[in-house]
file upload.txt (compact mmCIF, C-alpha atoms and all ligand atoms)
# COMPACT_ATOMS: atom_id res chain seq x y z
CA MET A 1 165.92 221.66 83.10
CA SER A 2 169.13 222.30 85.04
CA ILE A 3 167.11 223.28 88.11
CA TRP A 4 165.42 219.83 88.05
CA LEU A 5 168.75 218.09 87.66
CA LYS A 6 170.02 220.00 90.74
CA LYS A 7 166.97 218.89 92.75
CA VAL A 8 167.49 215.25 91.84
CA ILE A 9 171.19 215.39 92.66
CA TRP A 10 170.37 216.96 96.06
CA PHE A 11 167.84 214.24 96.65
CA ILE A 12 170.34 211.43 95.90
CA LEU A 13 172.98 213.13 98.07
CA THR A 14 170.44 213.28 100.92
CA LEU A 15 169.73 209.54 100.62
CA VAL A 16 173.45 208.73 100.64
CA THR A 17 174.03 210.98 103.68
CA ILE A 18 171.15 209.34 105.54
CA TYR A 19 172.65 205.96 104.75
CA ILE A 20 176.13 206.90 105.94
CA ILE A 21 174.95 208.52 109.18
CA THR A 22 172.35 205.91 110.19
CA SER A 23 174.52 202.91 109.39
CA ARG A 24 177.38 204.47 111.37
CA MET A 25 174.94 204.82 114.26
CA GLY A 26 174.20 201.11 114.02
CA PHE A 27 170.63 201.24 112.68
CA GLN A 28 169.37 198.07 111.03
CA GLN A 29 168.61 198.11 107.30
CA ILE A 30 164.88 198.11 107.94
CA PHE A 31 165.12 201.45 109.80
CA ILE A 32 167.38 202.91 107.14
CA ASN A 33 164.68 201.99 104.60
CA ILE A 34 162.09 203.79 106.69
CA PHE A 35 164.28 206.95 106.80
CA TRP A 36 164.60 206.73 103.03
CA VAL A 37 160.84 206.48 102.67
CA TYR A 38 160.46 209.64 104.80
CA ALA A 39 163.04 211.51 102.76
CA THR A 40 161.41 210.44 99.51
CA ALA A 41 157.98 211.50 100.74
CA GLY A 42 159.40 214.88 101.78
CA PHE A 43 161.06 215.28 98.41
CA LEU A 44 157.83 214.45 96.54
CA LEU A 45 155.88 216.95 98.62
CA TYR A 46 158.48 219.60 97.84
CA VAL A 47 158.24 218.78 94.10
CA LEU A 48 154.45 218.90 94.30
CA LEU A 49 154.44 222.35 95.91
CA ASP A 50 156.88 223.59 93.33
CA LEU A 51 154.71 222.54 90.36
CA PRO A 52 152.64 225.23 88.60
CA PRO A 53 149.09 225.15 90.04
CA LEU A 54 146.49 223.09 88.18
CA LYS A 55 143.71 224.90 86.37
CA GLN A 56 140.51 224.85 88.43
CA PRO A 57 137.82 222.86 86.60
CA LYS A 58 134.76 225.01 85.93
CA SER A 59 131.96 222.47 86.49
CA LYS A 60 130.95 221.01 89.85
CA ALA A 61 131.32 217.51 88.43
CA GLY A 62 134.90 218.22 87.34
CA LYS A 63 135.75 219.43 90.86
CA SER A 64 134.23 216.29 92.42
CA ILE A 65 136.16 214.02 90.05
CA LEU A 66 139.41 215.79 90.87
CA LEU A 67 138.72 215.45 94.60
CA LEU A 68 138.06 211.73 94.23
CA LEU A 69 141.22 211.26 92.14
CA THR A 70 143.33 213.04 94.79
CA PHE A 71 141.75 210.92 97.51
CA GLY A 72 142.41 207.75 95.49
CA LEU A 73 146.02 208.73 94.79
CA PHE A 74 146.90 209.37 98.43
CA SER A 75 145.06 206.29 99.72
CA GLY A 76 146.97 204.26 97.12
CA ILE A 77 150.30 205.68 98.27
CA TYR A 78 149.39 205.01 101.90
CA THR A 79 148.36 201.38 101.47
CA GLY A 80 151.16 200.73 98.97
CA VAL A 81 153.89 201.99 101.28
CA SER A 82 152.50 200.30 104.39
CA ALA A 83 152.28 196.99 102.54
CA PHE A 84 156.06 197.17 102.11
CA LEU A 85 156.80 197.95 105.73
CA PRO A 86 157.16 195.06 108.23
CA GLN A 87 153.94 194.16 110.01
CA PHE A 88 153.43 193.29 113.65
CA ASP A 89 152.22 189.71 113.86
CA PRO A 90 150.83 188.80 117.32
CA SER A 91 151.07 185.04 116.68
CA VAL A 92 154.83 185.35 116.07
CA GLU A 93 155.25 187.32 119.30
CA ILE A 94 153.19 184.81 121.30
CA GLU A 95 155.29 181.99 119.93
CA LYS A 96 158.45 183.77 121.07
CA ILE A 97 157.07 184.18 124.59
CA ASN A 98 155.94 180.57 124.87
CA LYS A 99 159.18 179.08 123.62
CA PRO A 100 160.59 176.84 126.39
CA PRO A 101 163.98 177.84 127.78
CA PHE A 102 166.72 175.81 126.21
CA VAL A 103 169.89 174.80 128.01
CA MET A 104 172.85 174.55 125.75
CA VAL A 105 175.22 171.69 126.43
CA GLU A 106 178.00 174.19 126.78
CA ALA A 107 176.47 177.30 128.28
CA GLY A 108 178.79 180.31 128.45
CA PRO A 109 180.54 181.36 131.66
CA GLU A 110 178.27 184.41 132.03
CA LEU A 111 175.10 182.34 132.00
CA ILE A 112 176.62 179.92 134.51
CA ALA A 113 177.68 182.79 136.80
CA ALA A 114 174.18 184.28 136.54
CA GLY A 115 172.77 180.86 137.48
CA LYS A 116 174.93 180.72 140.58
CA ASP A 117 173.68 184.18 141.61
CA ILE A 118 170.10 182.96 141.24
CA PHE A 119 170.93 179.91 143.34
CA LEU A 120 172.37 182.13 146.09
CA SER A 121 169.79 184.92 145.97
CA ASN A 122 166.87 182.47 146.20
CA LYS A 123 168.43 180.94 149.31
CA CYS A 124 168.66 177.48 147.74
CA VAL A 125 172.04 177.32 149.42
CA ASN A 126 170.38 177.42 152.86
CA CYS A 127 169.34 173.81 152.27
CA HIS A 128 171.51 172.57 149.38
CA LYS A 129 175.28 172.58 149.23
CA ALA A 130 176.49 173.43 145.74
CA ASP A 131 179.85 174.25 144.21
CA LYS A 132 181.32 173.59 147.68
CA THR A 133 179.27 176.47 149.14
CA GLY A 134 176.80 176.13 152.00
CA SER A 135 176.75 174.01 155.11
CA SER A 136 173.27 172.53 155.40
CA ASP A 137 172.27 169.02 154.47
CA ARG A 138 168.52 169.63 154.78
CA GLY A 139 168.17 168.92 151.07
CA PRO A 140 170.30 166.89 148.63
CA ASN A 141 173.88 168.03 148.21
CA MET A 142 174.02 169.32 144.64
CA ASP A 143 177.70 168.40 144.32
CA LEU A 144 176.79 164.74 144.81
CA TRP A 145 173.73 164.76 142.61
CA GLN A 146 174.00 164.02 138.91
CA PHE A 147 172.27 167.05 137.49
CA GLY A 148 173.64 166.41 134.04
CA LEU A 149 171.33 163.42 134.18
CA ARG A 150 168.19 165.49 134.50
CA THR A 151 166.53 166.94 131.45
CA PRO A 152 165.69 170.62 131.96
CA ASP A 153 162.00 169.63 132.19
CA GLU A 154 162.59 167.14 134.99
CA LEU A 155 164.78 169.59 136.88
CA LYS A 156 162.20 172.31 136.55
CA GLU A 157 159.53 169.99 137.89
CA ASP A 158 161.72 169.17 140.90
CA ILE A 159 162.05 172.88 141.68
CA VAL A 160 158.57 174.15 140.81
CA ASP A 161 156.63 171.21 142.21
CA PRO A 162 158.90 169.68 144.89
CA ARG A 163 156.10 167.63 146.49
CA LYS A 164 155.50 165.62 143.34
CA ARG A 165 158.59 163.43 143.52
CA GLN A 166 160.53 162.79 146.70
CA ALA A 167 164.31 162.79 146.51
CA LEU A 168 165.72 159.44 147.64
CA GLY A 169 166.83 159.54 151.28
CA PHE A 170 164.60 162.53 151.96
CA GLU A 171 161.33 160.74 152.55
CA ASP A 172 160.97 161.67 156.23
CA PRO A 173 157.95 163.90 156.96
CA LYS A 174 160.11 166.92 157.78
CA SER A 175 162.10 166.79 154.51
CA LYS A 176 158.95 166.14 152.51
CA LYS A 177 157.58 169.56 153.37
CA ALA A 178 160.87 171.43 153.62
CA MET A 179 161.35 172.74 150.12
CA PRO A 180 159.25 175.84 149.43
CA THR A 181 156.66 175.56 146.65
CA TYR A 182 156.75 179.17 145.45
CA PHE A 183 159.82 179.07 143.19
CA GLY A 184 157.65 178.73 140.08
CA GLU A 185 156.44 182.29 140.72
CA GLU A 186 159.73 183.72 141.96
CA ILE A 187 161.99 182.50 139.16
CA SER A 188 161.38 183.63 135.57
CA LYS A 189 161.89 181.49 132.48
CA GLY A 190 165.15 183.22 131.59
CA GLU A 191 166.42 182.76 135.13
CA PHE A 192 165.57 179.07 134.98
CA SER A 193 167.80 178.52 131.98
CA ALA A 194 170.67 180.20 133.81
CA LEU A 195 169.94 178.11 136.91
CA PHE A 196 169.98 174.90 134.83
CA ALA A 197 173.24 175.93 133.19
CA PHE A 198 174.78 176.37 136.65
CA LEU A 199 173.38 173.13 138.07
CA SER A 200 174.64 171.21 135.02
CA THR A 201 178.21 172.28 135.74
CA LEU A 202 177.96 170.56 139.13
CA TRP A 203 177.72 167.33 137.25
CA ASN A 204 180.88 165.37 137.88
CA LYS A 205 181.73 162.65 135.42
CA GLU A 206 184.51 161.25 137.56
CA ASN A 207 182.18 159.60 139.98
CA ILE A 208 178.58 158.58 139.78
CA PRO A 209 177.22 159.92 143.02
CA VAL A 210 175.34 158.28 145.81
CA ARG A 211 171.67 158.94 146.16
CA GLY A 212 170.13 159.54 149.55
CA LYS A 213 171.57 161.27 152.59
CA VAL A 214 175.31 161.20 153.02
CA GLY A 215 177.28 160.82 156.21
CA SER A 216 176.07 158.67 159.05
CA GLU A 217 172.48 158.57 157.81
CA ALA A 218 171.19 155.34 156.33
CA GLY A 219 169.73 154.81 152.88
CA LEU A 220 172.82 155.21 150.76
CA ILE A 221 172.49 153.74 147.29
CA PRO A 222 175.16 154.22 144.67
CA TRP A 223 173.42 155.55 141.60
CA ASP A 224 174.42 152.58 139.43
CA GLU A 225 172.97 150.03 141.85
CA ASP A 226 169.57 151.60 142.04
CA PRO A 227 167.09 149.15 140.43
CA GLU A 228 165.05 152.08 139.09
CA ILE A 229 168.08 153.48 137.26
CA ILE A 230 169.16 150.05 135.98
CA ALA A 231 165.68 149.54 134.53
CA LEU A 232 165.93 152.88 132.72
CA GLY A 233 169.42 151.89 131.53
CA LYS A 234 168.07 148.66 130.03
CA LYS A 235 165.64 150.66 127.91
CA VAL A 236 168.42 152.89 126.61
CA PHE A 237 170.77 149.95 125.96
CA GLU A 238 168.08 148.11 124.04
CA GLY A 239 167.29 151.10 121.85
CA GLU A 240 163.87 151.98 123.28
CA THR A 241 164.65 155.46 124.58
CA TYR A 242 166.71 157.27 121.96
CA ASP A 243 166.37 156.92 118.20
CA ASP A 244 169.33 155.03 116.74
CA LEU A 245 171.12 154.58 120.06
CA PHE A 246 171.04 150.80 120.17
CA CYS A 247 173.98 149.34 122.12
CA ALA A 248 172.38 145.87 122.08
CA GLY A 249 172.40 145.90 118.27
CA CYS A 250 176.17 145.35 118.40
CA HIS A 251 176.81 144.18 121.97
CA GLY A 252 173.79 141.86 122.30
CA LYS A 253 170.89 142.04 124.75
CA ASP A 254 172.68 139.79 127.23
CA GLY A 255 176.14 141.19 126.47
CA THR A 256 177.10 138.46 123.97
CA PRO A 257 178.55 140.44 121.04
CA LEU A 258 176.48 140.33 117.86
CA MET A 259 178.99 142.32 115.86
CA ASP A 260 182.43 140.93 115.12
CA GLY A 261 184.98 142.84 117.18
CA ALA A 262 182.46 144.48 119.53
CA ARG A 263 183.78 144.25 123.09
CA ASP A 264 182.41 141.32 125.12
CA LEU A 265 180.70 143.15 127.97
CA ARG A 266 180.08 139.87 129.85
CA ASN A 267 183.74 139.08 130.29
CA PRO A 268 185.28 140.61 133.43
CA LEU A 269 188.69 140.15 131.76
CA SER A 270 187.85 142.18 128.62
CA VAL A 271 190.38 144.90 128.01
CA SER A 272 189.94 148.45 126.79
CA ARG A 273 191.60 150.21 123.87
CA ASN A 274 191.86 153.30 126.00
CA HIS A 275 193.85 151.85 128.93
CA ASP A 276 195.03 148.46 130.17
CA ARG A 277 192.60 147.79 133.00
CA LYS A 278 190.32 144.75 132.83
CA LEU A 279 186.60 145.43 132.57
CA LYS A 280 186.02 144.42 136.20
CA ASP A 281 188.46 147.12 137.33
CA TRP A 282 187.19 149.99 135.19
CA THR A 283 186.39 153.15 137.09
CA ASP A 284 183.30 155.20 136.29
CA ALA A 285 185.56 157.67 134.53
CA ASP A 286 186.94 154.80 132.36
CA TRP A 287 183.44 153.81 131.38
CA PHE A 288 182.42 157.36 130.67
CA LYS A 289 185.47 157.98 128.51
CA SER A 290 184.99 154.84 126.42
CA VAL A 291 181.29 155.31 125.78
CA SER A 292 181.23 159.10 125.42
CA GLU A 293 184.39 159.45 123.31
CA GLY A 294 184.16 156.10 121.52
CA VAL A 295 187.13 154.09 120.33
CA SER A 296 189.48 155.46 117.69
CA GLU A 297 193.04 155.22 116.51
CA GLY A 298 194.16 158.61 115.26
CA ASP A 299 191.48 159.64 112.79
CA THR A 300 190.15 156.11 112.29
CA PHE A 301 187.01 155.49 114.30
CA SER A 302 185.77 152.02 115.11
CA PRO A 303 182.02 151.30 114.90
CA MET A 304 182.02 152.34 118.57
CA LYS A 305 181.31 156.02 118.00
CA ALA A 306 181.68 159.04 120.29
CA TRP A 307 178.08 158.77 121.49
CA LEU A 308 178.17 161.95 123.56
CA GLU A 309 178.38 163.91 120.32
CA GLU A 310 174.86 162.82 119.47
CA TYR A 311 173.17 162.02 122.79
CA PRO A 312 172.92 163.76 126.19
CA PRO A 313 175.06 162.73 129.19
CA LYS A 314 171.97 161.13 130.66
CA ALA A 315 171.81 158.66 127.77
CA ILE A 316 175.47 157.76 128.21
CA TRP A 317 175.26 157.19 131.97
CA LEU A 318 172.07 155.14 131.74
CA ALA A 319 173.53 152.91 129.00
CA ILE A 320 176.69 152.44 131.09
CA THR A 321 174.72 151.54 134.19
CA TYR A 322 173.11 148.68 132.33
CA ALA A 323 176.28 147.70 130.41
CA LYS A 324 178.04 147.34 133.79
CA GLN A 325 175.67 144.61 134.93
CA PHE A 326 176.69 141.83 132.51
CA HIS A 327 180.14 141.05 133.89
CA LYS A 328 178.78 140.89 137.46
CA LYS A 329 176.64 137.81 136.73
CA PRO A 330 178.12 134.68 138.41
CA GLU A 331 177.89 132.54 135.25
CA ASN A 332 180.04 135.07 133.37
CA GLN A 333 182.85 134.99 135.94
CA LYS A 334 184.46 131.89 134.40
CA LEU A 335 184.67 133.08 130.78
CA PRO A 336 188.09 132.49 129.20
CA GLU A 337 190.57 135.31 128.63
CA PRO A 338 189.44 137.19 125.46
CA GLU A 339 191.48 137.15 122.25
CA GLU A 340 193.91 139.86 121.17
CA LEU A 341 192.35 143.04 119.73
CA GLU A 342 192.37 143.39 115.95
CA PRO A 343 193.57 146.61 114.30
CA ILE A 344 190.68 149.09 114.21
CA HIS A 345 190.38 149.31 110.42
CA ASP A 346 189.79 145.52 110.30
CA LEU A 347 186.64 145.90 112.41
CA TRP A 348 184.54 147.34 109.59
C1 LIG B 401 164.09 175.12 153.05
C2 LIG B 401 164.96 174.22 152.42
C3 LIG B 401 165.04 174.23 150.89
C4 LIG B 401 165.21 175.29 150.05
C5 LIG B 401 165.27 176.78 150.39
C6 LIG B 401 165.34 174.74 148.72
N1 LIG B 401 165.24 173.38 148.77
FE1 LIG B 401 165.42 172.10 147.20
N2 LIG B 401 164.95 170.53 148.40
C7 LIG B 401 164.84 170.59 149.78
C8 LIG B 401 164.56 169.24 150.30
C9 LIG B 401 164.37 168.87 151.75
C10 LIG B 401 164.53 168.40 149.18
C11 LIG B 401 164.30 166.88 149.19
C12 LIG B 401 162.85 166.56 149.32
C13 LIG B 401 162.12 166.74 148.03
O1 LIG B 401 162.45 166.09 147.03
O2 LIG B 401 161.22 167.59 148.01
C14 LIG B 401 164.78 169.23 148.00
C15 LIG B 401 164.83 168.77 146.70
C16 LIG B 401 165.31 169.50 145.61
C17 LIG B 401 165.53 168.98 144.29
C18 LIG B 401 165.26 167.54 143.82
C19 LIG B 401 166.42 166.65 144.07
C20 LIG B 401 166.14 165.24 143.61
O3 LIG B 401 167.06 164.54 143.30
O4 LIG B 401 164.97 164.85 143.55
C21 LIG B 401 166.01 169.99 143.52
C22 LIG B 401 166.42 169.93 142.06
C23 LIG B 401 166.07 171.17 144.36
N3 LIG B 401 165.63 170.84 145.62
C24 LIG B 401 166.51 172.42 143.95
C25 LIG B 401 166.36 173.57 144.70
C26 LIG B 401 166.61 174.90 144.19
C27 LIG B 401 167.12 175.22 142.79
C28 LIG B 401 166.31 175.76 145.20
C29 LIG B 401 166.34 177.26 145.14
C30 LIG B 401 165.60 177.88 144.05
C31 LIG B 401 165.90 174.98 146.35
N4 LIG B 401 165.95 173.66 146.00
C32 LIG B 401 165.55 175.51 147.58
C33 LIG B 401 164.94 171.71 150.56
C34 LIG B 401 165.06 173.02 150.08
C1 LIG B 402 177.52 150.01 115.76
C2 LIG B 402 177.86 149.02 116.76
C3 LIG B 402 178.02 149.47 118.18
C4 LIG B 402 177.13 150.18 118.95
C5 LIG B 402 175.77 150.70 118.56
C6 LIG B 402 177.75 150.31 120.25
N1 LIG B 402 178.97 149.71 120.26
FE1 LIG B 402 180.21 149.56 121.83
N2 LIG B 402 181.63 148.74 120.66
C7 LIG B 402 181.45 148.38 119.35
C8 LIG B 402 182.71 147.87 118.83
C9 LIG B 402 182.96 147.34 117.43
C10 LIG B 402 183.63 147.97 119.89
C11 LIG B 402 185.12 147.60 119.85
C12 LIG B 402 185.86 148.84 119.40
C13 LIG B 402 187.34 148.62 119.25
O1 LIG B 402 187.91 147.81 119.95
O2 LIG B 402 187.90 149.33 118.42
C14 LIG B 402 182.93 148.51 121.01
C15 LIG B 402 183.49 148.77 122.25
C16 LIG B 402 182.78 149.12 123.37
C17 LIG B 402 183.34 149.27 124.68
C18 LIG B 402 184.83 149.11 125.03
C19 LIG B 402 185.53 150.39 124.73
C20 LIG B 402 187.01 150.38 125.04
O3 LIG B 402 187.43 151.15 125.90
O4 LIG B 402 187.74 149.66 124.37
C21 LIG B 402 182.31 149.59 125.51
C22 LIG B 402 182.40 149.83 127.00
C23 LIG B 402 181.12 149.67 124.73
N3 LIG B 402 181.44 149.39 123.41
C24 LIG B 402 179.87 150.01 125.22
C25 LIG B 402 178.81 150.41 124.39
C26 LIG B 402 177.60 151.04 124.87
C27 LIG B 402 177.26 151.31 126.31
C28 LIG B 402 176.86 151.34 123.77
C29 LIG B 402 175.53 152.05 123.70
C30 LIG B 402 175.56 153.42 124.16
C31 LIG B 402 177.60 150.88 122.60
N4 LIG B 402 178.78 150.33 123.04
C32 LIG B 402 177.15 150.98 121.32
C33 LIG B 402 180.30 148.49 118.61
C34 LIG B 402 179.18 149.21 119.01
call {"tool": "encode", "arguments": {"input": "upload.txt", "output": "structure tokens"}}
result
Amino acid sequence: MSIWLKKVIWFILTLVTIYIITSRMGFQQIFINIFWVYATAGFLLYVLLDLPPLKQPKSKAGKSILLLLTFGLFSGIYTGVSAFLPQFDPSVEIEKINKPPFVMVEAGPELIAAGKDIFLSNKCVNCHKADKTGSSDRGPNMDLWQFGLRTPDELKEDIVDPRKRQALGFEDPKSKKAMPTYFGEEISKGEFSALFAFLSTLWNKENIPVRGKVGSEAGLIPWDEDPEIIALGKKVFEGETYDDLFCAGCHGKDGTPLMDGARDLRNPLSVSRNHDRKLKDWTDADWFKSVSEGVSEGDTFSPMKAWLEEYPPKAIWLAITYAKQFHKKPENQKLPEPEELEPIHDLW
């Protein structure tokens, strides 16, 4: 009896020791379980060997039955134990591989630095200035391009399949064929997400950039005067692009406020809560601040929410581009000075 008790105590001590050592070494629980299973199997074998031998059955039939029972017992243990262990599931692994790279809005500094390395090592900088590095204007200057406005998919298409869409101002035959078409093979998925993270930091909310070649070359269009962009902005403003982002629902399709207290976007003399410039004098940064951060007084938010918390920068800029058009219309230039602003809590 006491010899059995000793064995069991030794066994438990072994399990505890395994636990302490392996968890110190940083093994995950699943591996610790596997070590426990090994130790238990070893212990059982030891117990089995230590048992008094079974009496040999005399008949042939008895021997056969015993053989079958032993076979059944061990097969049972095998299948039972393996059913508890984690299984390799190819479909899960394939899903992991196929998952598209995701760019976080605020990628960490390491990812951004890795992205810059990829930009330099792939010689992008030979044709594109970026982060004030490089000297060539063969391709668009990344510091002047709004990359925060591209979804990762659009950006990837621009890089992997550069012939598909021509950058504005780079339609001449030489530029058309300048960008190499092999980056899809050279740059891996993981590297792409780092590259996007880096390119997104070049996005400068202080000024909406020009499109087309800069300097003496012709074809300069400020981003917010490009009819293509204004048309996209209209869709966002009128709630067609993003679920529940519906500026026109409060500000009206033609800028005539539908909601009491919503700012009159037609009136060039409208004022802001955030500063004292009239609408006609707002800078791009003013616009971006008002629409991305919303309008609040301390903790009290007006119905004008901080839209950047829910929608990407692209949505904000496109909505602004369209919102900017109302006060430029000639018939809106003679609107009377707007009334005083009400306290924010009265707007609801
Ligand atoms: C040999 C010169 C060259 C190299 C190298 C090059 N590009 Fe370009 N790239 C261009 C030119 C020229 C254009 C404009 C014509 C076009 O759209 O294809 C362009 C266009 C682009 C555009 C689209 C811009 C827009 O607004 O449509 C992106 C994005 C871009 N390049 C990123 C990259 C990245 C990232 C790399 C490195 C992995 C790279 N390029 C390497 C010449 C180059
Ligand atoms: C739920 C209704 C609502 C929606 C949707 C809405 N706004 Fe507003 N907006 C308001 C109200 C109300 C104000 C006035 C806030 C105040 O003065 O406190 C306002 C104010 C503004 C202002 C002036 C901010 C300032 O600095 O004082 C701008 C610009 C503006 N909205 C643009 C937009 C754009 C662009 C969108 C779409 C992305 C949008 N709004 C969506 C209700 C809304």
call {"tool": "atom_distance", "arguments": {"input": "upload.txt", "atom1": "CA of Asn33 (chain A)", "atom2": "CA of Asp50 (chain A)"}}
result
25.6 Å
call {"tool": "closest_residue", "arguments": {"input": "upload.txt", "among": "A:Glu191, A:Asp244, A:Glu339, A:Glu293", "to": "Ala262 (chain A)", "atoms": "only C-alpha atoms"}}
result
A:Glu339
call {"tool": "closest_residue", "arguments": {"input": "upload.txt", "among": "A:Ile112, A:Leu232, A:Ile12, A:Leu202", "to": "Met142 (chain A)", "atoms": "all atoms listed in the file"}}
result
A:Leu202
call {"tool": "residues_near_ligand", "arguments": {"input": "upload.txt", "ligand": "ligand LIG 402 (chain B)", "cutoff": "7 Å", "atoms": "only C-alpha atoms and all ligand atoms", "output": "ChimeraX atom specification"}}
result
/A:237,245-251,259-263,265,271-274,287,290-291,294-296,302-304,307,316,319-320,323,341,344,347
call {"tool": "residues_near_ligand", "arguments": {"input": "upload.txt", "ligand": "ligand LIG 401 (chain B)", "cutoff": "8 Å", "atoms": "all atoms listed in the file", "output": "JSON, numbers by chain"}}
result
{"A": [118, 119, 120, 122, 123, 124, 125, 126, 127, 128, 138, 139, 140, 145, 147, 155, 156, 158, 159, 162, 163, 164, 165, 166, 167, 168, 170, 171, 174, 175, 176, 177, 178, 179, 180, 183, 187, 195, 211]}
call {"tool": "atom_distance", "arguments": {"input": "upload.txt", "atom1": "CA of Phe198 (chain A)", "atom2": "CA of Pro152 (chain A)"}}
result
11.7 Å
call {"tool": "atom_distance", "arguments": {"input": "upload.txt", "atom1": "CA of Leu318 (chain A)", "atom2": "CA of Thr181 (chain A)"}}
result
29.6 Å
call {"tool": "closest_residue", "arguments": {"input": "upload.txt", "among": "A:Gln87, A:Ser121, A:Thr151, A:Thr201", "to": "Pro109 (chain A)", "atoms": "all atoms listed in the file"}}
result
A:Thr201
call {"tool": "closest_residue", "arguments": {"input": "upload.txt", "among": "A:Leu67, A:Gly134, A:Val47, A:Ser200", "to": "Ala107 (chain A)", "atoms": "only C-alpha atoms"}}
result
A:Ser200
call {"tool": "residues_around", "arguments": {"input": "upload.txt", "residues": "Ile30 (chain A)", "least_positions_apart": "3", "cutoff": "9 Å", "atoms": "only C-alpha atoms", "output": "list in words"}}
result
Phe27, Asn33, Ile34, Phe35, Leu85 and Pro86 of chain A
call {"tool": "closest_residue", "arguments": {"input": "upload.txt", "among": "A:Asp254, A:Asp161, A:Glu297, A:Asp172", "to": "Gly212 (chain A)", "atoms": "all atoms listed in the file"}}
result
A:Asp172
call {"tool": "closest_residue", "arguments": {"input": "upload.txt", "among": "A:Pro330, A:Lys234, A:Lys278, A:Lys314", "to": "Glu154 (chain A)", "atoms": "all atoms listed in the file"}}
result
A:Lys314
call {"tool": "axis_aligned_box", "arguments": {"input": "upload.txt", "around": "region 37-42 of chain A", "padding_each_side": "5 Å", "output": "lines of an AutoDock Vina configuration file"}}
result
center_x = 160.5
center_y = 210.7
center_z = 102.2
size_x = 15.1
size_y = 18.4
size_z = 15.3
call {"tool": "residues_around", "arguments": {"input": "upload.txt", "residues": "region 68-83 of chain A", "least_positions_apart": "5", "cutoff": "12 Å", "atoms": "only C-alpha atoms", "output": "list of chain:residue names"}}
result
A:Asn33, A:Ile34, A:Trp36, A:Val37, A:Tyr38, A:Thr40, A:Ala41, A:Leu44, A:Leu45, A:Ala61, A:Gly62, A:Lys63, A:Phe88
